[in-house]
file upload.tsv (TSV, N, CA and C atoms)
chain	number	residue	atom	x	y	z
I	104	MET	N	-3.62	26.28	-15.28
I	104	MET	CA	-3.94	25.84	-13.94
I	104	MET	C	-2.83	26.29	-12.99
I	105	ARG	N	-3.21	26.98	-11.95
I	105	ARG	CA	-2.24	27.50	-11.00
I	105	ARG	C	-2.16	26.58	-9.79
I	106	PHE	N	-0.97	26.15	-9.45
I	106	PHE	CA	-0.78	25.27	-8.30
I	106	PHE	C	-0.58	26.09	-7.04
I	107	THR	N	-1.33	25.76	-6.03
I	107	THR	CA	-1.14	26.43	-4.75
I	107	THR	C	-0.08	25.70	-3.94
I	108	GLY	N	0.36	26.31	-2.88
I	108	GLY	CA	1.39	25.69	-2.04
I	108	GLY	C	0.91	24.41	-1.39
I	109	ARG	N	-0.36	24.38	-0.99
I	109	ARG	CA	-0.90	23.17	-0.35
I	109	ARG	C	-0.99	22.02	-1.34
I	110	PHE	N	-1.36	22.34	-2.58
I	110	PHE	CA	-1.44	21.31	-3.60
I	110	PHE	C	-0.05	20.74	-3.90
I	111	ALA	N	0.92	21.61	-4.03
I	111	ALA	CA	2.29	21.17	-4.29
I	111	ALA	C	2.82	20.32	-3.14
I	112	LEU	N	2.50	20.71	-1.92
I	112	LEU	CA	2.91	19.92	-0.76
I	112	LEU	C	2.26	18.55	-0.79
I	113	GLY	N	0.99	18.49	-1.12
I	113	GLY	CA	0.29	17.21	-1.21
I	113	GLY	C	0.87	16.30	-2.28
I	114	VAL	N	1.19	16.89	-3.44
I	114	VAL	CA	1.81	16.11	-4.52
I	114	VAL	C	3.17	15.58	-4.08
I	115	ALA	N	3.93	16.40	-3.38
I	115	ALA	CA	5.25	15.97	-2.92
I	115	ALA	C	5.13	14.86	-1.87
I	116	VAL	N	4.18	15.01	-0.94
I	116	VAL	CA	4.03	14.00	0.11
I	116	VAL	C	3.60	12.66	-0.46
I	117	ILE	N	2.76	12.67	-1.48
I	117	ILE	CA	2.32	11.42	-2.11
I	117	ILE	C	3.30	10.96	-3.18
I	118	GLY	N	3.82	11.90	-3.96
I	118	GLY	CA	4.63	11.54	-5.13
I	118	GLY	C	6.01	11.01	-4.81
I	119	VAL	N	6.70	11.62	-3.86
I	119	VAL	CA	8.08	11.19	-3.57
I	119	VAL	C	8.13	9.75	-3.07
I	120	PRO	N	7.32	9.36	-2.07
I	120	PRO	CA	7.37	7.95	-1.66
I	120	PRO	C	6.90	6.99	-2.76
I	121	LEU	N	5.92	7.42	-3.57
I	121	LEU	CA	5.45	6.56	-4.64
I	121	LEU	C	6.52	6.35	-5.70
I	122	VAL	N	7.23	7.40	-6.07
I	122	VAL	CA	8.33	7.27	-7.04
I	122	VAL	C	9.44	6.41	-6.47
I	123	LEU	N	9.77	6.62	-5.19
I	123	LEU	CA	10.80	5.77	-4.56
I	123	LEU	C	10.36	4.31	-4.52
I	124	ALA	N	9.09	4.08	-4.28
I	124	ALA	CA	8.61	2.70	-4.22
I	124	ALA	C	8.66	2.04	-5.59
I	125	LEU	N	8.23	2.76	-6.61
I	125	LEU	CA	8.18	2.16	-7.95
I	125	LEU	C	9.55	2.07	-8.62
I	126	LEU	N	10.40	3.06	-8.39
I	126	LEU	CA	11.72	3.07	-9.02
I	126	LEU	C	12.84	2.71	-8.05
I	127	GLY	N	12.47	2.21	-6.88
I	127	GLY	CA	13.45	1.87	-5.85
I	127	GLY	C	14.53	0.91	-6.27
I	128	PRO	N	14.19	-0.17	-6.98
I	128	PRO	CA	15.26	-1.09	-7.39
I	128	PRO	C	16.31	-0.44	-8.29
I	129	LEU	N	15.91	0.59	-9.05
I	129	LEU	CA	16.91	1.28	-9.88
I	129	LEU	C	17.87	2.09	-9.02
I	130	PHE	N	17.35	2.67	-7.93
I	130	PHE	CA	18.20	3.46	-7.03
I	130	PHE	C	19.05	2.58	-6.12
I	131	ALA	N	18.55	1.41	-5.79
I	131	ALA	CA	19.22	0.56	-4.80
I	131	ALA	C	20.49	-0.07	-5.35
I	132	GLY	N	20.46	-0.49	-6.59
I	132	GLY	CA	21.63	-1.15	-7.15
I	132	GLY	C	21.77	-2.58	-6.64
I	133	ASP	N	22.94	-3.14	-6.89
I	133	ASP	CA	23.19	-4.50	-6.44
I	133	ASP	C	23.54	-4.52	-4.96
I	134	PRO	N	23.15	-5.58	-4.28
I	134	PRO	CA	23.52	-5.66	-2.86
I	134	PRO	C	25.03	-5.81	-2.71
I	135	GLY	N	25.58	-5.04	-1.81
I	135	GLY	CA	27.01	-5.08	-1.56
I	135	GLY	C	27.36	-6.20	-0.59
I	136	PRO	N	28.59	-6.23	-0.17
I	136	PRO	CA	28.98	-7.26	0.80
I	136	PRO	C	28.28	-7.03	2.13
I	137	ARG	N	28.05	-8.11	2.83
I	137	ARG	CA	27.38	-8.00	4.12
I	137	ARG	C	28.31	-7.39	5.15
I	138	ALA	N	27.69	-6.58	6.00
I	138	ALA	CA	28.46	-5.91	7.05
I	138	ALA	C	28.15	-6.58	8.39
I	139	THR	N	28.72	-6.03	9.41
I	139	THR	CA	28.45	-6.52	10.75
I	139	THR	C	27.00	-6.24	11.09
I	140	SER	N	26.37	-7.13	11.81
I	140	SER	CA	24.95	-7.00	12.15
I	140	SER	C	24.71	-5.77	13.01
I	141	PHE	N	23.56	-5.13	12.77
I	141	PHE	CA	23.07	-3.99	13.55
I	141	PHE	C	24.08	-2.85	13.64
I	142	THR	N	24.64	-2.46	12.51
I	142	THR	CA	25.60	-1.35	12.51
I	142	THR	C	25.05	-0.19	11.71
I	143	LEU	N	25.44	1.01	12.06
I	143	LEU	CA	25.13	2.22	11.31
I	143	LEU	C	26.41	2.74	10.67
I	144	GLY	N	26.25	3.57	9.66
I	144	GLY	CA	27.42	4.14	9.00
I	144	GLY	C	27.95	3.24	7.91
I	145	ASP	N	29.12	3.55	7.41
I	145	ASP	CA	29.77	2.80	6.32
I	145	ASP	C	28.86	2.70	5.10
I	146	GLY	N	28.10	3.77	4.81
I	146	GLY	CA	27.23	3.76	3.65
I	146	GLY	C	25.87	3.13	3.89
I	147	HIS	N	25.58	2.70	5.09
I	147	HIS	CA	24.27	2.11	5.41
I	147	HIS	C	23.42	3.17	6.08
I	148	TRP	N	22.52	3.80	5.32
I	148	TRP	CA	21.74	4.92	5.81
I	148	TRP	C	20.84	4.53	6.96
I	149	LEU	N	20.22	3.35	6.87
I	149	LEU	CA	19.34	2.88	7.94
I	149	LEU	C	19.97	1.75	8.74
I	150	GLY	N	21.24	1.52	8.54
I	150	GLY	CA	21.92	0.45	9.26
I	150	GLY	C	21.78	-0.89	8.57
I	151	THR	N	22.08	-1.93	9.29
I	151	THR	CA	21.99	-3.29	8.76
I	151	THR	C	21.07	-4.11	9.64
I	152	ASP	N	20.57	-5.20	9.07
I	152	ASP	CA	19.70	-6.08	9.85
I	152	ASP	C	20.54	-7.13	10.58
I	153	PHE	N	19.88	-8.15	11.12
I	153	PHE	CA	20.58	-9.15	11.92
I	153	PHE	C	21.51	-10.02	11.10
I	154	VAL	N	21.33	-10.04	9.77
I	154	VAL	CA	22.19	-10.83	8.90
I	154	VAL	C	23.31	-10.00	8.31
I	155	GLY	N	23.20	-8.67	8.42
I	155	GLY	CA	24.22	-7.79	7.88
I	155	GLY	C	23.84	-7.16	6.56
I	156	ARG	N	22.58	-7.31	6.13
I	156	ARG	CA	22.14	-6.71	4.87
I	156	ARG	C	21.74	-5.25	5.10
I	157	ASP	N	21.91	-4.44	4.07
I	157	ASP	CA	21.58	-3.02	4.16
I	157	ASP	C	20.06	-2.86	4.19
I	158	VAL	N	19.53	-2.21	5.24
I	158	VAL	CA	18.10	-2.05	5.41
I	158	VAL	C	17.52	-1.11	4.36
I	159	TRP	N	18.24	-0.04	4.00
I	159	TRP	CA	17.75	0.90	3.00
I	159	TRP	C	17.55	0.21	1.66
I	160	GLN	N	18.45	-0.68	1.26
I	160	GLN	CA	18.27	-1.43	0.01
I	160	GLN	C	17.06	-2.34	0.09
I	161	GLN	N	16.83	-2.93	1.24
I	161	GLN	CA	15.67	-3.80	1.39
I	161	GLN	C	14.37	-3.00	1.29
I	162	VAL	N	14.37	-1.79	1.85
I	162	VAL	CA	13.19	-0.93	1.75
I	162	VAL	C	12.93	-0.55	0.29
I	163	LEU	N	13.98	-0.19	-0.44
I	163	LEU	CA	13.82	0.19	-1.84
I	163	LEU	C	13.37	-0.99	-2.70
I	164	HIS	N	13.87	-2.16	-2.42
I	164	HIS	CA	13.47	-3.34	-3.19
I	164	HIS	C	12.07	-3.81	-2.82
I	165	GLY	N	11.59	-3.51	-1.62
I	165	GLY	CA	10.28	-3.98	-1.19
I	165	GLY	C	9.14	-3.05	-1.49
I	166	GLY	N	9.41	-1.84	-1.96
I	166	GLY	CA	8.35	-0.88	-2.20
I	166	GLY	C	7.44	-1.23	-3.36
I	167	ARG	N	8.01	-1.70	-4.45
I	167	ARG	CA	7.22	-2.01	-5.64
I	167	ARG	C	6.19	-3.12	-5.38
I	168	PRO	N	6.56	-4.24	-4.75
I	168	PRO	CA	5.54	-5.25	-4.47
I	168	PRO	C	4.42	-4.75	-3.56
I	169	VAL	N	4.74	-3.85	-2.64
I	169	VAL	CA	3.70	-3.31	-1.76
I	169	VAL	C	2.71	-2.48	-2.56
I	170	VAL	N	3.20	-1.62	-3.44
I	170	VAL	CA	2.32	-0.78	-4.25
I	170	VAL	C	1.49	-1.64	-5.20
I	171	VAL	N	2.09	-2.61	-5.84
I	171	VAL	CA	1.37	-3.48	-6.77
I	171	VAL	C	0.30	-4.29	-6.03
I	172	THR	N	0.62	-4.79	-4.85
I	172	THR	CA	-0.36	-5.53	-4.07
I	172	THR	C	-1.53	-4.65	-3.65
I	173	ALA	N	-1.26	-3.42	-3.24
I	173	ALA	CA	-2.32	-2.50	-2.85
I	173	ALA	C	-3.21	-2.15	-4.05
I	174	LEU	N	-2.61	-1.91	-5.20
I	174	LEU	CA	-3.41	-1.61	-6.39
I	174	LEU	C	-4.23	-2.82	-6.83
I	175	ALA	N	-3.66	-4.01	-6.75
I	175	ALA	CA	-4.40	-5.22	-7.14
I	175	ALA	C	-5.56	-5.48	-6.18
I	176	ALA	N	-5.35	-5.28	-4.88
I	176	ALA	CA	-6.43	-5.47	-3.91
I	176	ALA	C	-7.54	-4.45	-4.13
I	177	THR	N	-7.19	-3.21	-4.42
I	177	THR	CA	-8.19	-2.19	-4.68
I	177	THR	C	-8.98	-2.51	-5.95
I	178	ALA	N	-8.29	-2.92	-7.00
I	178	ALA	CA	-8.97	-3.28	-8.25
I	178	ALA	C	-9.90	-4.47	-8.05
I	179	LEU	N	-9.45	-5.47	-7.29
I	179	LEU	CA	-10.30	-6.63	-7.02
I	179	LEU	C	-11.53	-6.25	-6.20
I	180	ALA	N	-11.35	-5.38	-5.22
I	180	ALA	CA	-12.49	-4.93	-4.41
I	180	ALA	C	-13.51	-4.20	-5.27
I	181	TYR	N	-13.03	-3.32	-6.15
I	181	TYR	CA	-13.96	-2.62	-7.05
I	181	TYR	C	-14.63	-3.58	-8.02
I	182	ALA	N	-13.88	-4.54	-8.55
I	182	ALA	CA	-14.43	-5.48	-9.51
I	182	ALA	C	-15.53	-6.35	-8.90
I	183	VAL	N	-15.44	-6.62	-7.62
I	183	VAL	CA	-16.46	-7.44	-6.96
I	183	VAL	C	-17.59	-6.58	-6.41
I	184	ALA	N	-17.25	-5.49	-5.73
I	184	ALA	CA	-18.25	-4.70	-5.02
I	184	ALA	C	-19.11	-3.85	-5.95
I	185	LEU	N	-18.54	-3.31	-7.00
I	185	LEU	CA	-19.31	-2.43	-7.87
I	185	LEU	C	-20.47	-3.16	-8.56
I	186	PRO	N	-20.24	-4.30	-9.20
I	186	PRO	CA	-21.39	-5.00	-9.79
I	186	PRO	C	-22.42	-5.45	-8.75
I	187	LEU	N	-21.96	-5.92	-7.58
I	187	LEU	CA	-22.91	-6.34	-6.55
I	187	LEU	C	-23.73	-5.16	-6.04
I	188	GLY	N	-23.09	-4.03	-5.82
I	188	GLY	CA	-23.81	-2.85	-5.35
I	188	GLY	C	-24.80	-2.34	-6.37
I	189	LEU	N	-24.39	-2.30	-7.63
I	189	LEU	CA	-25.30	-1.86	-8.69
I	189	LEU	C	-26.47	-2.84	-8.84
I	190	LEU	N	-26.18	-4.12	-8.79
I	190	LEU	CA	-27.24	-5.13	-8.89
I	190	LEU	C	-28.24	-4.99	-7.75
I	191	SER	N	-27.73	-4.79	-6.57
I	191	SER	CA	-28.61	-4.63	-5.41
I	191	SER	C	-29.43	-3.35	-5.49
I	192	ALA	N	-28.82	-2.27	-5.92
I	192	ALA	CA	-29.53	-0.99	-5.97
I	192	ALA	C	-30.54	-0.93	-7.11
I	193	LEU	N	-30.21	-1.52	-8.24
I	193	LEU	CA	-31.08	-1.39	-9.40
I	193	LEU	C	-32.21	-2.42	-9.46
I	194	THR	N	-32.06	-3.57	-8.80
I	194	THR	CA	-33.11	-4.58	-8.87
I	194	THR	C	-34.16	-4.40	-7.78
I	195	HIS	N	-33.82	-3.70	-6.71
I	195	HIS	CA	-34.75	-3.48	-5.57
I	195	HIS	C	-35.26	-4.80	-5.00
I	196	ARG	N	-34.41	-5.80	-5.01
I	196	ARG	CA	-34.77	-7.08	-4.39
I	196	ARG	C	-34.42	-7.01	-2.90
I	197	ARG	N	-35.39	-7.16	-2.07
I	197	ARG	CA	-35.18	-7.04	-0.63
I	197	ARG	C	-34.25	-8.14	-0.13
I	198	TRP	N	-34.39	-9.36	-0.63
I	198	TRP	CA	-33.56	-10.48	-0.16
I	198	TRP	C	-32.10	-10.27	-0.51
I	199	LEU	N	-31.83	-9.65	-1.67
I	199	LEU	CA	-30.45	-9.39	-2.06
I	199	LEU	C	-29.83	-8.31	-1.17
I	200	GLU	N	-30.60	-7.27	-0.87
I	200	GLU	CA	-30.10	-6.25	0.04
I	200	GLU	C	-29.81	-6.83	1.41
I	201	GLU	N	-30.69	-7.68	1.89
I	201	GLU	CA	-30.47	-8.32	3.20
I	201	GLU	C	-29.24	-9.22	3.16
I	202	LEU	N	-29.07	-9.96	2.09
I	202	LEU	CA	-27.93	-10.86	1.95
I	202	LEU	C	-26.61	-10.09	1.95
I	203	LEU	N	-26.59	-8.94	1.28
I	203	LEU	CA	-25.36	-8.16	1.21
I	203	LEU	C	-25.09	-7.37	2.48
I	204	MET	N	-26.13	-6.95	3.18
I	204	MET	CA	-25.95	-6.12	4.37
I	204	MET	C	-25.83	-6.93	5.66
I	205	ARG	N	-26.21	-8.20	5.65
I	205	ARG	CA	-26.18	-9.00	6.88
I	205	ARG	C	-24.79	-9.10	7.50
I	206	PRO	N	-23.71	-9.34	6.74
I	206	PRO	CA	-22.38	-9.37	7.38
I	206	PRO	C	-22.02	-8.05	8.06
I	207	TRP	N	-22.37	-6.92	7.46
I	207	TRP	CA	-22.07	-5.63	8.08
I	207	TRP	C	-22.89	-5.44	9.34
I	208	THR	N	-24.16	-5.87	9.32
I	208	THR	CA	-25.01	-5.75	10.50
I	208	THR	C	-24.46	-6.57	11.65
I	209	CYS	N	-23.91	-7.72	11.34
I	209	CYS	CA	-23.35	-8.58	12.39
I	209	CYS	C	-22.04	-8.01	12.94
I	210	CYS	N	-21.26	-7.36	12.10
I	210	CYS	CA	-19.95	-6.86	12.52
I	210	CYS	C	-19.99	-5.44	13.09
I	211	SER	N	-21.02	-4.68	12.78
I	211	SER	CA	-21.02	-3.28	13.17
I	211	SER	C	-21.02	-3.02	14.68
I	212	PRO	N	-21.62	-3.87	15.54
I	212	PRO	CA	-21.50	-3.60	16.97
I	212	PRO	C	-20.07	-3.71	17.48
I	213	CYS	N	-19.28	-4.53	16.85
I	213	CYS	CA	-17.89	-4.72	17.28
I	213	CYS	C	-17.00	-4.11	16.21
I	214	ARG	N	-16.64	-2.85	16.35
I	214	ARG	CA	-15.86	-2.14	15.32
I	214	ARG	C	-14.47	-2.73	15.12
I	215	ARG	N	-13.94	-3.41	16.11
I	215	ARG	CA	-12.60	-4.00	15.94
I	215	ARG	C	-12.61	-5.15	14.96
I	216	CYS	N	-13.75	-5.76	14.73
I	216	CYS	CA	-13.85	-6.91	13.82
I	216	CYS	C	-13.75	-6.49	12.37
I	217	CYS	N	-14.23	-5.29	12.05
I	217	CYS	CA	-14.31	-4.89	10.64
I	217	CYS	C	-13.24	-3.92	10.28

call {"tool": "encode", "arguments": {"input": "upload.tsv", "output": "structure tokens"}}
result
Amino acid sequence: MRFTGRFALGVAVIGVPLVLALLGPLFAGDPGPRATSFTLGDGHWLGTDFVGRDVWQQVLHGGRPVVVTALAATALAYAVALPLGLLSALTHRRWLEELLMRPWTCCSPCRRCC
């Protein structure tokens, strides 16, 4: 399989942040001493927050829970929606189709709601 430049770019754009998110705590290390609030430099790549904690370390420590939460939400959505969609499509029950589509029909005029 030959990788094209666009494919490699896509893998890098998705892969690098994903690896940093999943392995971030290994790269971050232990939190160091608190610095002066809202300062740059002194080893703080993104500066410090209002308490003096390193923002880059907080980003690295917070990436894994974000990825796990997104994967869990996606898995839950598939676990609920797939059986309901298959049940609705395969049984050809008009009342079930109406029951499943009614919330979308109510929300579709107002796109900001959905």

call {"tool": "select_by_dssp", "arguments": {"input": "upload.tsv", "residues": "region 126-200 of chain I", "states": "strand (DSSP E or B)", "output": "JSON, numbers by chain"}}
result
{"I": [144, 147, 151, 157]}

call {"tool": "closest_residue", "arguments": {"input": "upload.tsv", "among": "I:Arg156, I:Arg167, I:Arg109, I:His195", "to": "Val122 (chain I)", "atoms": "only C-alpha atoms"}}
result
I:Arg167

call {"tool": "atom_distance", "arguments": {"input": "upload.tsv", "atom1": "CA of Pro168 (chain I)", "atom2": "CA of Phe130 (chain I)"}}
result
15.6 Å

call {"tool": "atom_distance", "arguments": {"input": "upload.tsv", "atom1": "CA of Thr151 (chain I)", "atom2": "CA of Pro134 (chain I)"}}
result
12.0 Å

call {"tool": "closest_residue", "arguments": {"input": "upload.tsv", "among": "I:Pro136, I:Pro186, I:Gly146, I:Pro128", "to": "Leu163 (chain I)", "atoms": "only N, CA and C atoms"}}
result
I:Pro128

call {"tool": "select_by_dssp", "arguments": {"input": "upload.tsv", "residues": "chain I", "states": "helix (DSSP H, G or I)", "output": "number ranges by chain"}}
result
I: 108-131, 158-194, 197-210

call {"tool": "atom_distance", "arguments": {"input": "upload.tsv", "atom1": "atom N of Gly166 (chain I)", "atom2": "atom N of Ala124 (chain I)"}}
result
6.4 Å
